[in-house]
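Data from run.cif: mmCIF, C-alpha atoms and all ligand atoms
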```cif
data_upload
loop_
_atom_site.label_atom_id
_atom_site.label_comp_id
_atom_site.auth_asym_id
_atom_site.auth_seq_id
_atom_site.Cartn_x
_atom_site.Cartn_y
_atom_site.Cartn_z
CA MET A 20 95.13 113.03 115.95
CA GLU A 21 97.27 112.64 119.05
CA SER A 22 97.84 109.01 119.93
CA SER A 23 98.75 107.84 123.41
CA LYS A 24 99.72 104.47 121.99
CA LYS A 25 102.88 103.28 120.30
CA ILE A 26 101.81 101.44 117.19
CA ILE A 27 104.02 100.02 114.45
CA LEU A 28 103.06 99.32 110.86
CA THR A 29 105.52 98.26 108.23
CA GLY A 30 105.54 95.93 105.27
CA ASP A 31 107.09 94.46 102.18
CA ARG A 32 106.12 93.74 98.60
CA PRO A 33 105.95 89.99 98.03
CA THR A 34 107.91 89.90 94.79
CA GLY A 35 110.63 87.49 95.92
CA ARG A 36 112.38 85.97 98.87
CA LEU A 37 113.82 88.47 101.32
CA HIS A 38 117.56 89.06 101.30
CA LEU A 39 120.34 90.36 103.49
CA GLY A 40 119.57 93.95 102.45
CA HIS A 41 116.03 93.56 103.85
CA TYR A 42 117.49 91.89 106.93
CA VAL A 43 119.98 94.56 107.97
CA GLY A 44 117.86 97.44 106.65
CA SER A 45 114.64 96.51 108.39
CA LEU A 46 113.87 92.94 109.52
CA LYS A 47 116.49 92.79 112.26
CA ARG A 48 115.19 96.04 113.70
CA ARG A 49 111.61 94.78 113.64
CA VAL A 50 112.56 91.79 115.75
CA GLU A 51 114.35 94.06 118.24
CA LEU A 52 111.34 96.36 118.44
CA GLN A 53 109.06 93.35 118.87
CA ASN A 54 111.19 92.05 121.73
CA SER A 55 111.61 95.44 123.40
CA GLY A 56 108.11 95.19 124.84
CA GLU A 57 107.75 98.94 124.30
CA PHE A 58 104.96 98.80 121.74
CA ASP A 59 101.24 98.45 122.20
CA ASP A 60 100.64 97.00 118.80
CA ILE A 61 102.89 95.78 115.95
CA ASN A 62 101.59 95.07 112.45
CA ILE A 63 103.37 93.75 109.38
CA LEU A 64 101.69 94.01 106.04
CA ILE A 65 102.46 91.86 103.04
CA ALA A 66 101.70 94.43 100.37
CA ASP A 67 100.49 92.18 97.56
CA ASP A 68 98.28 94.84 95.97
CA GLN A 69 101.18 97.24 95.88
CA ALA A 70 103.32 94.51 94.31
CA LEU A 71 100.69 94.13 91.59
CA THR A 72 101.06 97.77 90.59
CA ASP A 73 104.18 96.84 88.67
CA ASN A 74 103.46 93.13 88.16
CA ALA A 75 99.94 93.31 86.77
CA ASP A 76 100.79 90.74 84.10
CA ASN A 77 102.21 88.29 86.60
CA PRO A 78 99.91 87.76 89.58
CA GLY A 79 101.26 84.21 89.97
CA LYS A 80 104.60 85.63 91.07
CA ILE A 81 102.90 87.56 93.87
CA ARG A 82 100.80 84.55 94.88
CA ASP A 83 103.93 82.37 95.19
CA ASN A 84 105.93 84.92 97.09
CA ILE A 85 103.38 85.68 99.79
CA ILE A 86 104.36 82.38 101.40
CA ASN A 87 108.08 83.06 100.86
CA VAL A 88 107.84 86.40 102.62
CA VAL A 89 105.89 85.03 105.61
CA LEU A 90 108.41 82.20 105.91
CA ASP A 91 111.21 84.77 105.92
CA TYR A 92 109.38 86.76 108.64
CA LEU A 93 108.92 83.71 110.83
CA SER A 94 112.49 82.55 110.23
CA VAL A 95 114.09 85.80 111.40
CA GLY A 96 112.11 85.59 114.62
CA LEU A 97 108.99 87.65 114.11
CA ASP A 98 106.52 86.07 116.50
CA PRO A 99 102.86 85.82 115.46
CA ASP A 100 101.86 86.00 119.13
CA LYS A 101 103.45 89.43 119.36
CA VAL A 102 102.88 90.86 115.87
CA THR A 103 99.95 90.84 113.48
CA ILE A 104 101.06 89.56 110.09
CA CYS A 105 98.48 90.32 107.41
CA VAL A 106 97.89 90.57 103.67
CA GLN A 107 96.88 93.80 101.94
CA SER A 108 94.36 92.39 99.46
CA ALA A 109 92.36 90.85 102.32
CA LEU A 110 91.80 94.26 103.95
CA PRO A 111 89.14 96.15 101.99
CA ALA A 112 89.40 99.22 104.25
CA LEU A 113 92.80 99.93 102.69
CA HIS A 114 91.25 100.25 99.25
CA SER A 115 88.52 102.60 100.44
CA LEU A 116 91.01 104.83 102.23
CA THR A 117 93.23 104.96 99.15
CA PHE A 118 90.29 106.16 97.07
CA TYR A 119 89.51 109.01 99.49
CA TYR A 120 93.15 110.07 99.88
CA MET A 121 93.59 110.27 96.11
CA ASN A 122 91.51 113.45 96.23
CA LEU A 123 93.95 115.08 98.60
CA VAL A 124 97.11 114.66 96.51
CA THR A 125 98.04 116.33 93.24
CA THR A 126 99.67 114.47 90.36
CA ALA A 127 102.47 117.06 90.54
CA ARG A 128 103.19 116.05 94.14
CA VAL A 129 103.40 112.33 93.36
CA SER A 130 105.61 113.10 90.34
CA ARG A 131 108.08 114.81 92.66
CA ASN A 132 108.36 111.77 94.97
CA PRO A 133 112.01 110.69 94.49
CA THR A 134 111.32 106.98 95.04
CA VAL A 135 108.52 106.99 92.46
CA LYS A 136 110.71 108.94 90.06
CA SER A 137 113.57 106.45 90.20
CA GLU A 138 111.23 103.45 90.03
CA ILE A 139 109.54 104.84 86.92
CA GLN A 140 112.98 104.93 85.26
CA MET A 141 113.99 101.52 86.58
CA ARG A 142 110.84 99.78 85.41
CA GLY A 143 110.85 101.36 81.98
CA PHE A 144 107.51 103.13 82.56
CA ALA A 145 109.06 106.33 81.24
CA ASP A 146 109.02 104.83 77.73
CA GLU A 147 106.18 102.30 77.92
CA GLY A 148 103.68 104.52 79.65
CA LEU A 149 102.94 104.84 83.33
CA PRO A 150 100.13 102.74 84.83
CA VAL A 151 97.80 104.88 86.96
CA GLY A 152 97.79 102.19 89.66
CA PHE A 153 101.56 102.29 89.98
CA PHE A 154 101.53 106.08 90.08
CA CYS A 155 99.10 105.96 93.00
CA TYR A 156 100.97 103.46 95.14
CA PRO A 157 102.40 106.09 97.50
CA ILE A 158 98.81 107.06 98.27
CA SER A 159 97.88 103.45 98.93
CA GLN A 160 100.90 103.19 101.20
CA ALA A 161 99.54 106.16 103.16
CA ALA A 162 96.32 104.16 103.51
CA ASP A 163 98.27 101.15 104.82
CA ILE A 164 99.99 103.22 107.47
CA THR A 165 97.06 105.32 108.63
CA ALA A 166 94.62 102.39 108.67
CA PHE A 167 96.49 100.98 111.65
CA ASP A 168 96.85 104.37 113.44
CA ALA A 169 100.59 103.75 113.18
CA THR A 170 102.87 106.12 115.07
CA ILE A 171 106.13 104.42 114.03
CA VAL A 172 107.06 103.03 110.61
CA PRO A 173 110.39 101.16 110.61
CA VAL A 174 111.65 101.10 107.01
CA GLY A 175 114.71 101.19 104.81
CA GLU A 176 116.05 104.58 103.79
CA ASP A 177 114.51 104.39 100.30
CA GLN A 178 111.04 104.53 101.88
CA LEU A 179 111.50 107.92 103.57
CA PRO A 180 109.75 109.82 100.74
CA MET A 181 106.71 107.54 101.21
CA ILE A 182 106.41 108.40 104.89
CA GLU A 183 106.89 112.08 104.09
CA GLN A 184 104.04 111.87 101.58
CA THR A 185 101.90 110.01 104.14
CA ARG A 186 102.47 112.75 106.70
CA GLU A 187 101.31 115.36 104.19
CA ILE A 188 98.15 113.36 103.48
CA VAL A 189 97.43 113.07 107.21
CA GLU A 190 97.86 116.80 107.69
CA LYS A 191 95.69 117.61 104.70
CA PHE A 192 92.99 115.17 105.79
CA ASN A 193 92.90 116.49 109.35
CA LYS A 194 92.75 120.08 108.12
CA THR A 195 89.98 119.32 105.64
CA TYR A 196 87.75 116.99 107.66
CA GLY A 197 88.77 117.51 111.28
CA ASP A 198 91.26 115.74 113.50
CA THR A 199 90.99 112.08 112.51
CA LEU A 200 94.28 110.51 111.46
CA VAL A 201 97.45 109.82 113.42
CA LEU A 202 100.70 111.37 112.18
CA PRO A 203 103.33 108.63 111.72
CA LYS A 204 107.11 108.82 111.99
CA ALA A 205 109.68 106.81 110.04
CA VAL A 206 112.57 105.09 111.76
CA ILE A 207 115.58 103.94 109.79
CA PRO A 208 118.70 102.10 111.01
CA GLU A 209 121.25 104.21 112.88
CA ASN A 210 124.14 102.37 111.21
CA GLU A 211 124.65 104.01 107.81
CA PHE A 212 125.90 100.76 106.25
CA GLN A 213 122.73 98.99 107.28
CA ARG A 214 120.60 101.66 105.62
CA ARG A 215 121.90 100.92 102.18
CA LEU A 216 123.60 97.56 101.92
CA PRO A 217 124.97 97.20 98.39
CA GLY A 218 124.75 93.98 96.40
CA VAL A 219 127.69 91.58 96.55
CA ASP A 220 128.98 93.29 93.38
CA GLY A 221 129.24 96.50 95.40
CA LYS A 222 127.43 98.46 92.76
CA ALA A 223 123.79 98.85 93.55
CA LYS A 224 121.11 97.76 95.96
CA MET A 225 120.55 94.02 96.08
CA SER A 226 118.22 93.01 93.32
CA LYS A 227 117.15 89.73 91.89
CA SER A 228 117.69 90.80 88.29
CA LEU A 229 121.31 91.80 89.01
CA GLY A 230 122.08 88.43 90.66
CA ASN A 231 123.86 90.28 93.45
CA CYS A 232 121.78 89.09 96.41
CA ILE A 233 122.41 86.94 99.40
CA TYR A 234 119.00 85.52 100.31
CA LEU A 235 118.10 84.62 103.88
CA SER A 236 117.25 81.15 102.61
CA ASP A 237 120.46 80.63 100.57
CA THR A 238 122.51 77.51 101.34
CA PRO A 239 125.95 77.89 102.96
CA GLY A 240 127.46 76.92 99.59
CA THR A 241 125.67 79.73 97.76
CA VAL A 242 126.63 82.29 100.39
CA LYS A 243 130.26 81.25 100.10
CA LYS A 244 130.11 81.43 96.32
CA GLN A 245 128.61 84.93 96.35
CA VAL A 246 131.30 86.22 98.74
CA ASN A 247 134.29 84.49 97.19
CA GLY A 248 133.20 84.74 93.59
CA LYS A 249 131.50 88.12 93.32
CA MET A 250 132.86 90.46 95.98
CA PHE A 251 135.56 92.81 94.78
CA THR A 252 137.88 94.06 97.46
CA ASP A 253 140.57 96.63 96.72
CA PRO A 254 141.91 96.47 93.16
CA LEU A 255 145.18 98.07 94.33
CA HIS A 256 145.72 95.45 97.03
CA LEU A 257 147.59 92.95 94.86
CA LYS A 258 150.08 91.52 97.30
CA ILE A 259 149.25 90.87 100.94
CA GLU A 260 151.92 93.38 102.02
CA ASP A 261 150.40 96.19 99.92
CA PRO A 262 148.47 98.82 101.86
CA GLY A 263 144.73 98.28 101.37
CA HIS A 264 141.74 100.59 101.04
CA ILE A 265 138.52 100.30 103.01
CA GLU A 266 136.31 102.75 101.14
CA GLY A 267 134.26 101.04 98.47
CA ASN A 268 135.60 97.66 99.62
CA VAL A 269 132.42 95.58 99.79
CA VAL A 270 133.81 93.07 102.27
CA PHE A 271 134.34 95.86 104.78
CA THR A 272 130.98 97.46 103.96
CA TYR A 273 129.30 94.18 104.89
CA LEU A 274 131.41 93.83 108.04
CA ASP A 275 130.48 97.39 108.99
CA ALA A 276 126.82 96.47 108.63
CA LEU A 277 126.99 93.12 110.41
CA CYS A 278 129.90 92.29 112.65
CA THR A 279 130.23 92.76 116.38
CA ASP A 280 133.17 92.48 118.79
CA GLU A 281 131.83 89.04 119.79
CA HIS A 282 132.37 87.84 116.24
CA PHE A 283 136.07 88.70 116.58
CA LYS A 284 136.38 86.73 119.83
CA GLU A 285 134.78 83.76 118.14
CA TYR A 286 136.28 83.78 114.64
CA LEU A 287 139.21 86.20 114.41
CA PRO A 288 140.80 86.72 117.84
CA ASP A 289 143.84 88.49 116.32
CA TYR A 290 141.75 91.67 116.60
CA ASN A 291 139.47 93.03 119.29
CA ASN A 292 137.22 94.84 116.89
CA LEU A 293 136.66 95.99 113.30
CA ASP A 294 138.73 99.17 113.75
CA GLU A 295 141.83 97.14 114.59
CA MET A 296 141.24 94.88 111.61
CA LYS A 297 140.80 97.86 109.29
CA GLU A 298 144.02 99.46 110.58
CA HIS A 299 145.94 96.30 109.74
CA TYR A 300 144.37 96.11 106.28
CA LYS A 301 145.27 99.73 105.55
CA ARG A 302 148.83 99.26 106.81
CA GLY A 303 149.29 96.18 104.64
CA GLY A 304 149.87 92.58 105.62
CA LEU A 305 146.28 91.41 105.89
CA GLY A 306 145.08 89.30 102.98
CA ASP A 307 141.65 89.46 101.32
CA GLY A 308 141.19 85.71 101.84
CA VAL A 309 141.26 86.13 105.64
CA CYS A 310 138.78 89.02 105.43
CA LYS A 311 136.38 87.04 103.26
CA LYS A 312 136.63 83.97 105.44
CA PHE A 313 135.78 86.08 108.48
CA LEU A 314 132.83 87.64 106.66
CA ILE A 315 131.52 84.21 105.72
CA SER A 316 131.70 83.13 109.38
CA VAL A 317 129.79 86.25 110.44
CA LEU A 318 127.17 85.67 107.74
CA GLU A 319 126.79 82.03 108.70
CA GLU A 320 126.31 82.92 112.36
CA GLU A 321 123.38 85.15 111.36
CA LEU A 322 121.96 82.94 108.63
CA ALA A 323 122.25 79.43 110.07
CA PRO A 324 119.52 79.86 112.72
CA ILE A 325 117.30 81.62 110.15
CA ARG A 326 117.67 78.72 107.71
CA GLU A 327 116.93 76.21 110.45
CA LYS A 328 113.72 77.95 111.49
CA ARG A 329 112.66 78.24 107.88
CA ALA A 330 113.01 74.49 107.38
CA LYS A 331 110.74 73.86 110.37
CA TRP A 332 108.04 76.22 109.14
CA GLU A 333 108.32 74.88 105.58
CA ALA A 334 107.29 71.51 106.94
CA ASN A 335 104.13 73.11 108.41
CA ILE A 336 102.62 75.31 105.72
CA GLY A 337 99.12 74.65 107.09
CA ASP A 338 100.16 76.37 110.33
CA VAL A 339 101.58 79.31 108.39
CA TYR A 340 98.25 79.64 106.57
CA ASP A 341 96.45 79.73 109.93
CA ILE A 342 98.83 82.41 111.21
CA LEU A 343 97.99 84.55 108.19
CA SER A 344 94.25 84.09 108.42
CA ASP A 345 94.33 84.90 112.11
CA GLY A 346 96.43 88.00 111.38
CA ILE A 347 94.02 89.06 108.67
CA ASN A 348 91.04 88.76 111.02
CA ARG A 349 92.73 90.92 113.62
CA ALA A 350 93.89 93.46 111.02
CA ARG A 351 90.41 93.66 109.51
CA LYS A 352 88.95 94.78 112.83
CA LYS A 353 91.59 97.46 113.28
CA THR A 354 91.41 98.83 109.73
CA ASP A 355 87.60 98.70 109.52
CA ALA A 356 87.43 100.80 112.69
CA VAL A 357 89.71 103.45 111.19
CA LEU A 358 87.72 103.47 107.94
CA ALA A 359 84.50 104.02 109.92
CA ARG A 360 86.14 106.95 111.71
CA VAL A 361 87.32 108.43 108.40
CA GLN A 362 83.89 108.09 106.80
CA LYS A 363 82.31 109.72 109.82
CA SER A 364 84.72 112.67 109.63
CA MET A 365 83.98 113.02 105.91
CA ARG A 366 80.27 112.72 106.66
CA ILE A 367 79.85 109.87 104.23
CA ASP A 368 78.58 107.53 106.91
CA TYR A 369 75.04 107.70 105.42
CA PHE A 370 73.99 104.18 106.27
CA GLU A 371 75.32 103.81 109.82
CA ASP A 372 71.81 104.55 111.10
CA ARG A 373 68.64 106.19 109.72
CA SER A 374 69.42 109.66 111.07
CA ILE A 375 70.02 111.02 107.58
CA VAL A 376 66.34 110.46 106.70
CA LYS A 377 65.41 113.31 109.03
CA GLU A 378 68.28 115.42 107.79
CA TRP A 379 67.24 114.98 104.15
CA GLU A 380 63.60 115.68 104.96
CA GLU A 381 64.51 118.92 106.72
CA MET A 382 66.88 119.97 103.98
CA LEU A 383 64.21 119.42 101.30
CA ARG A 384 61.58 121.24 103.36
CA SER A 385 63.74 124.31 103.96
CA ALA A 386 64.63 124.46 100.25
CA GLN A 387 61.01 124.89 99.29
N1 LIG B 1 106.81 100.13 99.68
C1 LIG B 1 107.36 99.20 100.63
C2 LIG B 1 108.54 98.51 99.92
O1 LIG B 1 108.63 98.51 98.71
C3 LIG B 1 106.37 98.15 101.07
C4 LIG B 1 105.21 98.71 101.84
C5 LIG B 1 103.90 98.68 101.49
C6 LIG B 1 105.26 99.38 103.10
N2 LIG B 1 103.11 99.28 102.41
C7 LIG B 1 103.91 99.71 103.41
C8 LIG B 1 106.29 99.76 103.96
C9 LIG B 1 103.60 100.42 104.58
C10 LIG B 1 105.97 100.45 105.12
C11 LIG B 1 104.63 100.79 105.43
O2 LIG B 1 109.38 97.96 100.61
#
```

What would the structure in this file look like if it were written as structure tokens?
Amino acid sequence: MESSKKIILTGDRPTGRLHLGHYVGSLKRRVELQNSGEFDDINILIADDQALTDNADNPGKIRDNIINVVLDYLSVGLDPDKVTICVQSALPALHSLTFYYMNLVTTARVSRNPTVKSEIQMRGFADEGLPVGFFCYPISQAADITAFDATIVPVGEDQLPMIEQTREIVEKFNKTYGDTLVLPKAVIPENEFQRRLPGVDGKAKMSKSLGNCIYLSDTPGTVKKQVNGKMFTDPLHLKIEDPGHIEGNVVFTYLDALCTDEHFKEYLPDYNNLDEMKEHYKRGGLGDGVCKKFLISVLEEELAPIREKRAKWEANIGDVYDILSDGINRARKKTDAVLARVQKSMRIDYFEDRSIVKEWEEMLRSAQ
């Protein structure tokens, strides 16, 4: 269905506090989009049901982290007056839509989804057996997105296969039942370093189990420790005078993702910008200590206001609860309306009114 509106839906699994990878890959962009004033409607979904698909034995973890994720949202500047923040399990329309969409997707197609494939490996489901619920989560994600008539889905790069799968479901639905669903588009960060911020160990994506995260709520001491203690720079850069390498040097990867020319004015006025700093590092004569110290200043400039806001909200959890229940009420109206439209297109709206009584009577009469 063509939409004249610009509607955003995005979300996160509440399995832990949000970290710098979430921040540069998605959260920062959401705040910019929110403040651009260009959107008719912005929705952020805390995907607790999706989180349960690989945490079925630990619902307490999800319960605890719903509040952590909302606190992270509010701390980075998402404004509940401008965005609807809601919780998946409180929106029954999402479950109904998932059940209908399941009929439009083959198991072969889900099996080819690269994100699902790598997660199956990562979570050990390849050996233990694959829960059906987990296998179906891309379909439930299509329900999340379409239930809000979303046109734009701002996500990290790893989510692109999910949006692709959603688009296929929309096309299949519209072809099968008539023009009903809106075709969404993914947006990912333009800056390639922001798309895939590695952990502080430089190896993989940030992940709790690898201990390579910088969390938005980490103390200045922890941030410093992660940078100074865990970030490798260039193993060939032994003496300050040695020429240094930028590629694969995590400190520079983080600076590429985060720093601006203003940061140089403020904290490292020897250079006008990152290019000048990199040139000096490559030439030799710039020590790793200076680079790390600069990175810590940049990180602190981003994180200090986030931490401060978090502390304020943490002292008012009752207000956060009210924000969520208000968001849920608003989201319920939107998603129920889309479900009604879907059921009408599928002609399973039997009990909307009594018109089917006549239809059944006529059908039975003509069959005689
Ligand atoms: N799968 C997403 C993640 O792991 C979370 C998510 C759930 C989501 N539903 C969504 C993202 C809808 C975008 C749109 O981060």

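Once all atoms listed in the file are used for the distance check, the residues close to ligand LIG 1 (chain B) at 6 Å turn out to be A:Leu28, A:Thr29, A:Gly30, A:Asp31, A:Arg32, A:Ala66, A:Gln160, A:Asp163, A:Ile164.
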
Query - Exercise: segment 243-260 of chain A partners within 7 Å, all atoms listed in the file, chain neighbours under 2 positions left out, as number ranges by chain - result: A: 219-220, 239-241, 262-264, 268-270, 303-306, 311, 315

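In this comparison, which uses all atoms listed in the file, the residue of A:Leu123, A:Leu97, A:Ala145, A:Ala75 approaching Ala161 of chain A most closely is A:Leu123.
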
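Interatomic distance, atom CA of Gln107 of chain A against atom CA of Val95 of chain A: 21.2 Å.
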
Query raised in the report: Do you know which residues are at most 12 Å from Asp100 of chain A counting all atoms listed in the file, after dropping those on the same chain fewer than 6 positions away, and could you put them as an MDAnalysis selection string?
Result: chainID A and resid 53:54 60:62 93 342:343 345:346 349

How close does each residue of segment 101-205 of chain A get to segment 358-379 of chain A, giving the shortest atom pair and distance in Å to one decimal for every residue with an atom at most 7 Å away, counting only C-alpha atoms, sorted by chain and residue number, as JSON lines?
```
{"residue": "A:Ala112", "atom": "CA", "partner": "A:Leu358", "partner_atom": "CA", "distance": 5.9}
{"residue": "A:Leu116", "atom": "CA", "partner": "A:Leu358", "partner_atom": "CA", "distance": 6.7}
{"residue": "A:Tyr196", "atom": "CA", "partner": "A:Ser364", "partner_atom": "CA", "distance": 5.6}
{"residue": "A:Gly197", "atom": "CA", "partner": "A:Ser364", "partner_atom": "CA", "distance": 6.5}
{"residue": "A:Thr199", "atom": "CA", "partner": "A:Val361", "partner_atom": "CA", "distance": 6.6}
```
